[in-house]
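This is data_16.csv (CSV, C-alpha atoms).
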```csv
chain,number,residue,atom,x,y,z
A,1,MET,CA,-28.2,15.0,-1.3
A,2,ALA,CA,-24.7,14.3,-2.8
A,3,ARG,CA,-23.9,10.6,-3.2
A,4,VAL,CA,-20.6,8.8,-3.6
A,5,THR,CA,-20.6,5.1,-4.6
A,6,LEU,CA,-17.3,3.2,-4.1
A,7,ILE,CA,-16.9,0.1,-6.2
A,8,ARG,CA,-14.0,-2.3,-5.8
A,9,HIS,CA,-12.8,-4.0,-9.0
A,10,GLY,CA,-13.7,-7.5,-9.8
A,11,LYS,CA,-11.7,-10.6,-8.8
A,12,ALA,CA,-8.5,-10.6,-10.8
A,13,GLU,CA,-5.8,-13.2,-11.6
A,14,THR,CA,-3.4,-13.8,-8.8
A,15,SER,CA,0.1,-12.2,-9.2
A,16,LYS,CA,2.3,-14.1,-11.6
A,17,PHE,CA,5.9,-13.8,-12.4
A,18,GLY,CA,6.4,-11.5,-15.3
A,19,VAL,CA,3.0,-9.9,-15.1
A,20,GLN,CA,2.9,-6.5,-13.5
A,21,ASP,CA,0.2,-5.9,-10.9
A,22,PHE,CA,-1.3,-3.1,-13.1
A,23,ASP,CA,-1.9,-5.6,-15.9
A,24,ARG,CA,-3.7,-8.3,-14.0
A,25,PRO,CA,-6.9,-9.2,-15.9
A,26,LEU,CA,-10.2,-10.2,-14.3
A,27,ILE,CA,-11.0,-13.9,-13.9
A,28,SER,CA,-14.4,-15.2,-15.1
A,29,ARG,CA,-15.9,-14.8,-11.5
A,30,GLY,CA,-14.7,-11.1,-11.6
A,31,GLN,CA,-16.4,-10.6,-14.9
A,32,ASN,CA,-19.7,-12.2,-13.8
A,33,ASN,CA,-19.7,-10.2,-10.6
A,34,ALA,CA,-19.0,-6.9,-12.3
A,35,SER,CA,-21.9,-7.6,-14.7
A,36,ALA,CA,-24.1,-8.4,-11.7
A,37,VAL,CA,-23.0,-5.1,-10.0
A,38,GLY,CA,-23.9,-3.1,-13.1
A,39,ALA,CA,-27.4,-4.7,-13.3
A,40,PHE,CA,-28.0,-4.3,-9.6
A,41,MET,CA,-27.1,-0.6,-9.7
A,42,ALA,CA,-29.4,0.0,-12.7
A,43,THR,CA,-32.3,-1.9,-11.2
A,44,HIS,CA,-31.9,-0.1,-7.9
A,45,ARG,CA,-31.5,3.4,-9.4
A,46,MET,CA,-27.9,3.8,-8.1
A,47,LEU,CA,-26.6,5.3,-11.3
A,48,PRO,CA,-24.0,8.0,-11.1
A,49,GLN,CA,-23.6,11.0,-13.3
A,50,LEU,CA,-19.9,10.3,-13.5
A,51,VAL,CA,-17.8,7.3,-12.9
A,52,LEU,CA,-14.1,7.6,-12.1
A,53,VAL,CA,-12.0,4.5,-13.0
A,54,SER,CA,-8.5,3.6,-12.1
A,55,PRO,CA,-6.4,2.9,-15.3
A,56,SER,CA,-5.4,-0.7,-14.3
A,57,ALA,CA,-6.5,-3.6,-16.4
A,58,ARG,CA,-8.8,-5.0,-13.7
A,59,THR,CA,-10.6,-1.7,-13.0
A,60,ARG,CA,-11.1,-1.0,-16.7
A,61,ALA,CA,-12.4,-4.5,-17.3
A,62,THR,CA,-14.8,-4.1,-14.3
A,63,TYR,CA,-16.1,-0.9,-15.9
A,64,ASP,CA,-16.4,-2.7,-19.2
A,65,PHE,CA,-18.7,-5.4,-17.7
A,66,ILE,CA,-20.7,-2.8,-15.7
A,67,LYS,CA,-21.3,-0.4,-18.5
A,68,PRO,CA,-23.7,-2.5,-20.7
A,69,HIS,CA,-26.2,-2.3,-17.9
A,70,TRP,CA,-26.1,1.5,-17.7
A,71,PRO,CA,-27.5,4.2,-20.0
A,72,ASN,CA,-25.0,5.7,-22.4
A,73,ASP,CA,-25.2,9.2,-21.0
A,74,ILE,CA,-23.1,8.4,-17.9
A,75,ALA,CA,-19.8,10.1,-18.2
A,76,VAL,CA,-16.5,8.2,-17.5
A,77,GLN,CA,-13.0,9.4,-16.7
A,78,PHE,CA,-10.0,7.2,-16.4
A,79,VAL,CA,-7.9,8.8,-13.8
A,80,ASP,CA,-4.2,7.8,-13.5
A,81,GLN,CA,-3.8,8.9,-9.9
A,82,LEU,CA,-6.4,6.4,-8.7
A,83,TYR,CA,-4.0,3.5,-9.1
A,84,GLU,CA,-2.1,2.9,-5.9
A,85,ALA,CA,-3.8,6.0,-4.5
A,86,SER,CA,-4.0,7.0,-0.8
A,87,ALA,CA,-7.4,7.6,0.6
A,88,SER,CA,-6.7,11.3,0.6
A,89,THR,CA,-5.8,11.3,-3.1
A,90,LEU,CA,-8.9,9.3,-3.9
A,91,LEU,CA,-11.0,11.9,-1.9
A,92,GLN,CA,-9.4,14.8,-3.7
A,93,ALA,CA,-10.1,13.2,-7.1
A,94,ILE,CA,-13.8,12.7,-6.1
A,95,ILE,CA,-14.1,16.4,-5.2
A,96,ASP,CA,-12.1,17.7,-8.2
A,97,TYR,CA,-13.9,15.6,-10.8
A,98,GLY,CA,-17.3,15.6,-9.0
A,99,GLY,CA,-17.5,19.4,-8.5
A,100,ASP,CA,-21.0,20.5,-9.4
A,101,LEU,CA,-22.4,17.0,-9.7
A,102,SER,CA,-24.5,15.3,-7.1
A,103,ASP,CA,-23.7,11.7,-7.8
A,104,ILE,CA,-20.4,10.1,-8.5
A,105,ALA,CA,-19.0,6.5,-8.5
A,106,VAL,CA,-15.4,5.3,-8.3
A,107,ILE,CA,-14.1,2.0,-9.5
A,108,GLY,CA,-10.8,1.5,-7.6
A,109,HIS,CA,-8.7,-0.5,-5.3
A,110,ASN,CA,-8.1,-1.4,-1.7
A,111,PRO,CA,-6.8,-0.2,0.7
A,112,SER,CA,-7.8,3.3,-0.4
A,113,LEU,CA,-11.4,2.5,-0.9
A,114,VAL,CA,-11.9,0.8,2.5
A,115,VAL,CA,-9.9,3.6,4.3
A,116,LEU,CA,-12.0,6.3,2.6
A,117,LEU,CA,-15.2,4.5,3.3
A,118,ASN,CA,-14.5,4.3,7.0
A,119,HIS,CA,-13.4,8.0,7.0
A,120,MET,CA,-16.6,9.1,5.3
A,121,VAL,CA,-19.0,7.3,7.6
A,122,GLY,CA,-17.0,7.3,10.8
A,123,ASP,CA,-18.2,5.3,13.8
A,124,ALA,CA,-21.9,5.6,13.0
A,125,HIS,CA,-22.0,2.1,11.4
A,126,ALA,CA,-20.1,0.0,14.0
A,127,GLU,CA,-22.6,-2.8,13.6
A,128,GLN,CA,-21.3,-3.5,10.1
A,129,ASN,CA,-17.8,-4.7,9.4
A,130,LEU,CA,-16.6,-2.0,7.1
A,131,GLY,CA,-13.0,-3.2,7.3
A,132,TYR,CA,-14.0,-6.0,4.9
A,133,PHE,CA,-14.5,-4.7,1.4
A,134,PRO,CA,-14.1,-7.6,-1.0
A,135,THR,CA,-13.8,-7.5,-4.8
A,136,CYS,CA,-16.9,-6.2,-6.5
A,137,CYS,CA,-18.3,-4.7,-3.3
A,138,ILE,CA,-20.4,-1.5,-3.6
A,139,ALA,CA,-20.7,1.1,-0.8
A,140,GLU,CA,-23.2,3.9,-1.3
A,141,ILE,CA,-22.6,7.0,0.9
A,142,GLY,CA,-25.0,9.9,1.1
A,143,PHE,CA,-24.1,13.5,2.3
A,144,GLU,CA,-26.2,16.4,3.3
A,145,ALA,CA,-24.4,18.6,0.8
A,146,PRO,CA,-26.2,19.2,-2.5
A,147,LYS,CA,-23.1,18.9,-4.6
A,148,ILE,CA,-19.9,16.8,-4.4
A,149,ARG,CA,-17.7,19.9,-4.0
A,150,ASP,CA,-19.6,20.8,-0.8
A,151,LEU,CA,-19.5,17.5,1.0
A,152,ALA,CA,-17.9,17.2,4.4
A,153,SER,CA,-15.6,14.2,3.9
A,154,ASP,CA,-16.3,12.7,7.3
A,155,GLY,CA,-20.0,13.6,7.2
A,156,GLY,CA,-21.4,10.7,5.2
A,157,LYS,CA,-24.2,8.3,6.0
A,158,LEU,CA,-23.9,4.7,4.8
A,159,LEU,CA,-26.9,4.1,2.6
A,160,SER,CA,-26.0,0.6,1.5
A,161,VAL,CA,-23.2,-2.0,1.2
A,162,LYS,CA,-23.6,-4.8,-1.2
A,163,ARG,CA,-21.2,-7.6,-1.7
A,164,ALA,CA,-21.2,-9.4,-5.1
A,165,ARG,CA,-22.0,-12.7,-3.5
A,166,ASP,CA,-25.3,-11.2,-2.1
A,167,LEU,CA,-26.5,-9.9,-5.5
```

Please lay out the structure from this file as structure tokens.
Amino acid sequence: MARVTLIRHGKAETSKFGVQDFDRPLISRGQNNASAVGAFMATHRMLPQLVLVSPSARTRATYDFIKPHWPNDIAVQFVDQLYEASASTLLQAIIDYGGDLSDIAVIGHNPSLVVLLNHMVGDAHAEQNLGYFPTCCIAEIGFEAPKIRDLASDGGKLLSVKRARDL
């Protein structure tokens, strides 16, 4: 079973005059939540083979706080096109970079994450509010395909959704 885990970055500083959106750092709550996400994923054996990270300051910092909880053999790619990406661009990056792998994670941004999540799982999970994907939220989606390159983008099954406040 192929698996895609979508992770929204941690809580960042609000926009300030003179600070580009790309450069907004995590606040302490975002740092703590990202660390909790890393520990949760390790404890629950949700570790990817590869993690794709948007190059923004807040996504890089989220990864930096997650990584100490993971083994060193998990590959990482910082992918420029994930910043301000459409859901289709995000999906294409997952397929392109995931290829022969069976398990990939993405640390990125809304709205692309929440749009892609809803596309991947369709209406099968109407009992959950998948329109709300707050900072440091994790969504784990499973596919019948053995490898990422073989997945049907709208054929996923929601395995779990965890919000940082619930960890």

For stretch 10-61 of chain A against stretch 162-165 of chain A, with a cut-off of 12 Å and counting all atoms listed in the file, what is the closest atom pair and its distance in Å to one decimal for every residue that makes the cut, ordered by chain and number, as a Markdown table?
```
| residue | atom | partner | partner_atom | distance |
| --- | --- | --- | --- | --- |
| A:Gly10 | CA | A:Ala164 | CA | 9.1 |
| A:Lys11 | CA | A:Ala164 | CA | 10.3 |
| A:Arg29 | CA | A:Ala164 | CA | 9.9 |
| A:Gly30 | CA | A:Ala164 | CA | 9.3 |
| A:Gln31 | CA | A:Ala164 | CA | 11.0 |
| A:Asn32 | CA | A:Ala164 | CA | 9.3 |
| A:Asn33 | CA | A:Ala164 | CA | 5.8 |
| A:Ala34 | CA | A:Ala164 | CA | 7.9 |
| A:Ser35 | CA | A:Ala164 | CA | 9.8 |
| A:Ala36 | CA | A:Ala164 | CA | 7.3 |
| A:Val37 | CA | A:Ala164 | CA | 6.8 |
| A:Gly38 | CA | A:Ala164 | CA | 10.5 |
| A:Ala39 | CA | A:Ala164 | CA | 11.3 |
| A:Phe40 | CA | A:Lys162 | CA | 9.5 |
| A:Met41 | CA | A:Lys162 | CA | 10.1 |
| A:His44 | CA | A:Lys162 | CA | 11.7 |
| A:Met46 | CA | A:Lys162 | CA | 11.8 |
```

Based on the selection just made, write C-alpha atoms of those residues as a CSV table (one decimal), in the coordinates of the input.
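Output file out34.csv is given in full below:
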```csv
chain,number,residue,atom,x,y,z
A,10,GLY,CA,-13.7,-7.5,-9.8
A,11,LYS,CA,-11.7,-10.6,-8.8
A,29,ARG,CA,-15.9,-14.8,-11.5
A,30,GLY,CA,-14.7,-11.1,-11.6
A,31,GLN,CA,-16.4,-10.6,-14.9
A,32,ASN,CA,-19.7,-12.2,-13.8
A,33,ASN,CA,-19.7,-10.2,-10.6
A,34,ALA,CA,-19.0,-6.9,-12.3
A,35,SER,CA,-21.9,-7.6,-14.7
A,36,ALA,CA,-24.1,-8.4,-11.7
A,37,VAL,CA,-23.0,-5.1,-10.0
A,38,GLY,CA,-23.9,-3.1,-13.1
A,39,ALA,CA,-27.4,-4.7,-13.3
A,40,PHE,CA,-28.0,-4.3,-9.6
A,41,MET,CA,-27.1,-0.6,-9.7
A,44,HIS,CA,-31.9,-0.1,-7.9
A,46,MET,CA,-27.9,3.8,-8.1
```

Excluding same-chain residues fewer than 4 positions from stretch 55-66 of chain A, what lies within 12 Å of it counting all atoms listed in the file, as a VMD selection string?
chain A and resid 7 to 14 19 to 42 47 51 70 to 72 74 to 85 105 to 110 135 to 137

Compare A:Ile104, A:Leu90, A:Leu116, A:Ile95 by their minimum atom-to-atom distance to A:Asp150, counting all atoms listed in the file, and give me the closest one.
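Distance minimum relative to A:Asp150 lands on A:Ile95.
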
Give the answer as one residue: which of A:Ser160, A:Ser15, A:Ser153, A:Asn118 has the shortest atom-to-atom distance to A:Ile94, using all atoms listed in the file?
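Of all the options, A:Ser153 lies closest to A:Ile94.
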
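Atom to atom, atom CA of A:Leu50 and atom CA of A:Leu130 stand 24.2 Å apart.
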
So how far away is atom CA of A:Arg45 from atom CA of A:Leu91, in Å?
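According to the coordinates, atom CA of A:Leu91 and atom CA of A:Arg45 are separated by 23.4 Å.
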
From the options A:Val4, A:Asp73, A:Lys16, A:Thr43, which residue's atoms come nearest to A:Ile138, counting all atoms listed in the file?
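Of all the options, A:Val4 lies closest to A:Ile138.
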
Could you check how far atom CA of A:Asp96 sits from atom CA of A:Leu158, in Å to one decimal?
21.8 Å

Just the residues within 12 Å of A:Val115, please, counting all atoms listed in the file, with nothing from its chain fewer than 4 positions along; format it as a list of chain:residue names.
A:Leu6, A:Ala85, A:Ser86, A:Ala87, A:Ser88, A:Thr89, A:Leu90, A:Leu91, A:His109, A:Asn110, A:Pro111, A:His119, A:Met120, A:Val121, A:Gly122, A:Leu130, A:Gly131, A:Tyr132, A:Phe133, A:Asp154

Go ahead and dump the residues you just picked, C-alpha atoms, as a PDB file, in the frame of the given file.
```
ATOM      1  CA  LEU A   6     -17.300   3.200  -4.100  1.00  0.00           C
ATOM      2  CA  ALA A  85      -3.800   6.000  -4.500  1.00  0.00           C
ATOM      3  CA  SER A  86      -4.000   7.000  -0.800  1.00  0.00           C
ATOM      4  CA  ALA A  87      -7.400   7.600   0.600  1.00  0.00           C
ATOM      5  CA  SER A  88      -6.700  11.300   0.600  1.00  0.00           C
ATOM      6  CA  THR A  89      -5.800  11.300  -3.100  1.00  0.00           C
ATOM      7  CA  LEU A  90      -8.900   9.300  -3.900  1.00  0.00           C
ATOM      8  CA  LEU A  91     -11.000  11.900  -1.900  1.00  0.00           C
ATOM      9  CA  HIS A 109      -8.700  -0.500  -5.300  1.00  0.00           C
ATOM     10  CA  ASN A 110      -8.100  -1.400  -1.700  1.00  0.00           C
ATOM     11  CA  PRO A 111      -6.800  -0.200   0.700  1.00  0.00           C
ATOM     12  CA  HIS A 119     -13.400   8.000   7.000  1.00  0.00           C
ATOM     13  CA  MET A 120     -16.600   9.100   5.300  1.00  0.00           C
ATOM     14  CA  VAL A 121     -19.000   7.300   7.600  1.00  0.00           C
ATOM     15  CA  GLY A 122     -17.000   7.300  10.800  1.00  0.00           C
ATOM     16  CA  LEU A 130     -16.600  -2.000   7.100  1.00  0.00           C
ATOM     17  CA  GLY A 131     -13.000  -3.200   7.300  1.00  0.00           C
ATOM     18  CA  TYR A 132     -14.000  -6.000   4.900  1.00  0.00           C
ATOM     19  CA  PHE A 133     -14.500  -4.700   1.400  1.00  0.00           C
ATOM     20  CA  ASP A 154     -16.300  12.700   7.300  1.00  0.00           C
TER      21      ASP A 154
END
```

Given only C-alpha atoms as the counted atoms, nearest of A:Leu117, A:Pro134, A:Gln49, A:Pro68 to A:Ile148:
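Checking each of A:Leu117, A:Pro134, A:Gln49, A:Pro68 against A:Ile148, counting only C-alpha atoms, the winner is A:Gln49.
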
Nearest to A:Glu140: which of A:Ser112, A:Pro48, A:Gly99, A:Ser54 is it, counting all atoms listed in the file?
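Result for the nearest residue to A:Glu140: A:Pro48.
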
Completion of stretch 28-39 of chain A up to all heavy atoms, as a short mmCIF file (atom, residue, chain, number, x, y, z; two decimals), in the frame of the given file:
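Output file result-v5.cif follows:
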```cif
data_model
loop_
_atom_site.label_atom_id
_atom_site.label_comp_id
_atom_site.auth_asym_id
_atom_site.auth_seq_id
_atom_site.Cartn_x
_atom_site.Cartn_y
_atom_site.Cartn_z
N SER A 28 -13.02 -15.11 -14.66
CA SER A 28 -14.40 -15.20 -15.10
C SER A 28 -15.36 -14.81 -13.91
O SER A 28 -16.40 -14.16 -14.14
CB SER A 28 -14.77 -16.56 -15.63
OG SER A 28 -14.58 -17.56 -14.67
N ARG A 29 -15.04 -15.19 -12.69
CA ARG A 29 -15.90 -14.80 -11.50
C ARG A 29 -15.91 -13.27 -11.41
O ARG A 29 -16.96 -12.69 -11.15
CB ARG A 29 -15.34 -15.41 -10.25
CG ARG A 29 -16.23 -15.10 -9.04
CD ARG A 29 -15.74 -15.80 -7.80
NE ARG A 29 -15.01 -14.83 -7.00
CZ ARG A 29 -14.17 -15.12 -6.04
NH1 ARG A 29 -13.88 -16.37 -5.76
NH2 ARG A 29 -13.59 -14.18 -5.34
N GLY A 30 -14.79 -12.60 -11.62
CA GLY A 30 -14.70 -11.10 -11.60
C GLY A 30 -15.58 -10.51 -12.66
O GLY A 30 -16.26 -9.50 -12.45
N GLN A 31 -15.56 -11.12 -13.84
CA GLN A 31 -16.40 -10.60 -14.90
C GLN A 31 -17.87 -10.76 -14.64
O GLN A 31 -18.65 -9.82 -14.82
CB GLN A 31 -16.03 -11.38 -16.23
CG GLN A 31 -14.63 -11.15 -16.70
CD GLN A 31 -14.22 -12.12 -17.81
OE1 GLN A 31 -14.98 -12.99 -18.22
NE2 GLN A 31 -12.99 -11.97 -18.28
N ASN A 32 -18.25 -11.93 -14.15
CA ASN A 32 -19.70 -12.20 -13.80
C ASN A 32 -20.13 -11.27 -12.69
O ASN A 32 -21.24 -10.73 -12.74
CB ASN A 32 -19.87 -13.64 -13.42
CG ASN A 32 -19.66 -14.58 -14.57
OD1 ASN A 32 -19.79 -14.21 -15.73
ND2 ASN A 32 -19.32 -15.83 -14.27
N ASN A 33 -19.29 -11.09 -11.67
CA ASN A 33 -19.70 -10.20 -10.60
C ASN A 33 -19.79 -8.77 -10.99
O ASN A 33 -20.70 -8.06 -10.56
CB ASN A 33 -18.65 -10.35 -9.42
CG ASN A 33 -18.76 -11.66 -8.67
OD1 ASN A 33 -19.71 -12.41 -8.83
ND2 ASN A 33 -17.76 -11.94 -7.85
N ALA A 34 -18.90 -8.31 -11.85
CA ALA A 34 -19.00 -6.90 -12.30
C ALA A 34 -20.26 -6.71 -13.12
O ALA A 34 -20.93 -5.69 -12.97
CB ALA A 34 -17.75 -6.59 -13.17
N SER A 35 -20.62 -7.67 -13.94
CA SER A 35 -21.90 -7.60 -14.70
C SER A 35 -23.06 -7.52 -13.73
O SER A 35 -23.99 -6.72 -13.92
CB SER A 35 -21.99 -8.76 -15.64
OG SER A 35 -23.16 -8.66 -16.41
N ALA A 36 -23.03 -8.35 -12.70
CA ALA A 36 -24.10 -8.40 -11.70
C ALA A 36 -24.20 -7.02 -10.97
O ALA A 36 -25.30 -6.53 -10.67
CB ALA A 36 -23.91 -9.50 -10.72
N VAL A 37 -23.06 -6.41 -10.67
CA VAL A 37 -23.00 -5.10 -10.00
C VAL A 37 -23.68 -4.06 -10.92
O VAL A 37 -24.50 -3.25 -10.47
CB VAL A 37 -21.58 -4.69 -9.65
CG1 VAL A 37 -21.47 -3.21 -9.36
CG2 VAL A 37 -21.09 -5.50 -8.46
N GLY A 38 -23.33 -4.05 -12.19
CA GLY A 38 -23.90 -3.10 -13.10
C GLY A 38 -25.44 -3.25 -13.20
O GLY A 38 -26.18 -2.25 -13.16
N ALA A 39 -25.91 -4.49 -13.28
CA ALA A 39 -27.40 -4.70 -13.30
C ALA A 39 -28.03 -4.32 -12.04
O ALA A 39 -29.10 -3.70 -12.06
CB ALA A 39 -27.61 -6.22 -13.64
#
```
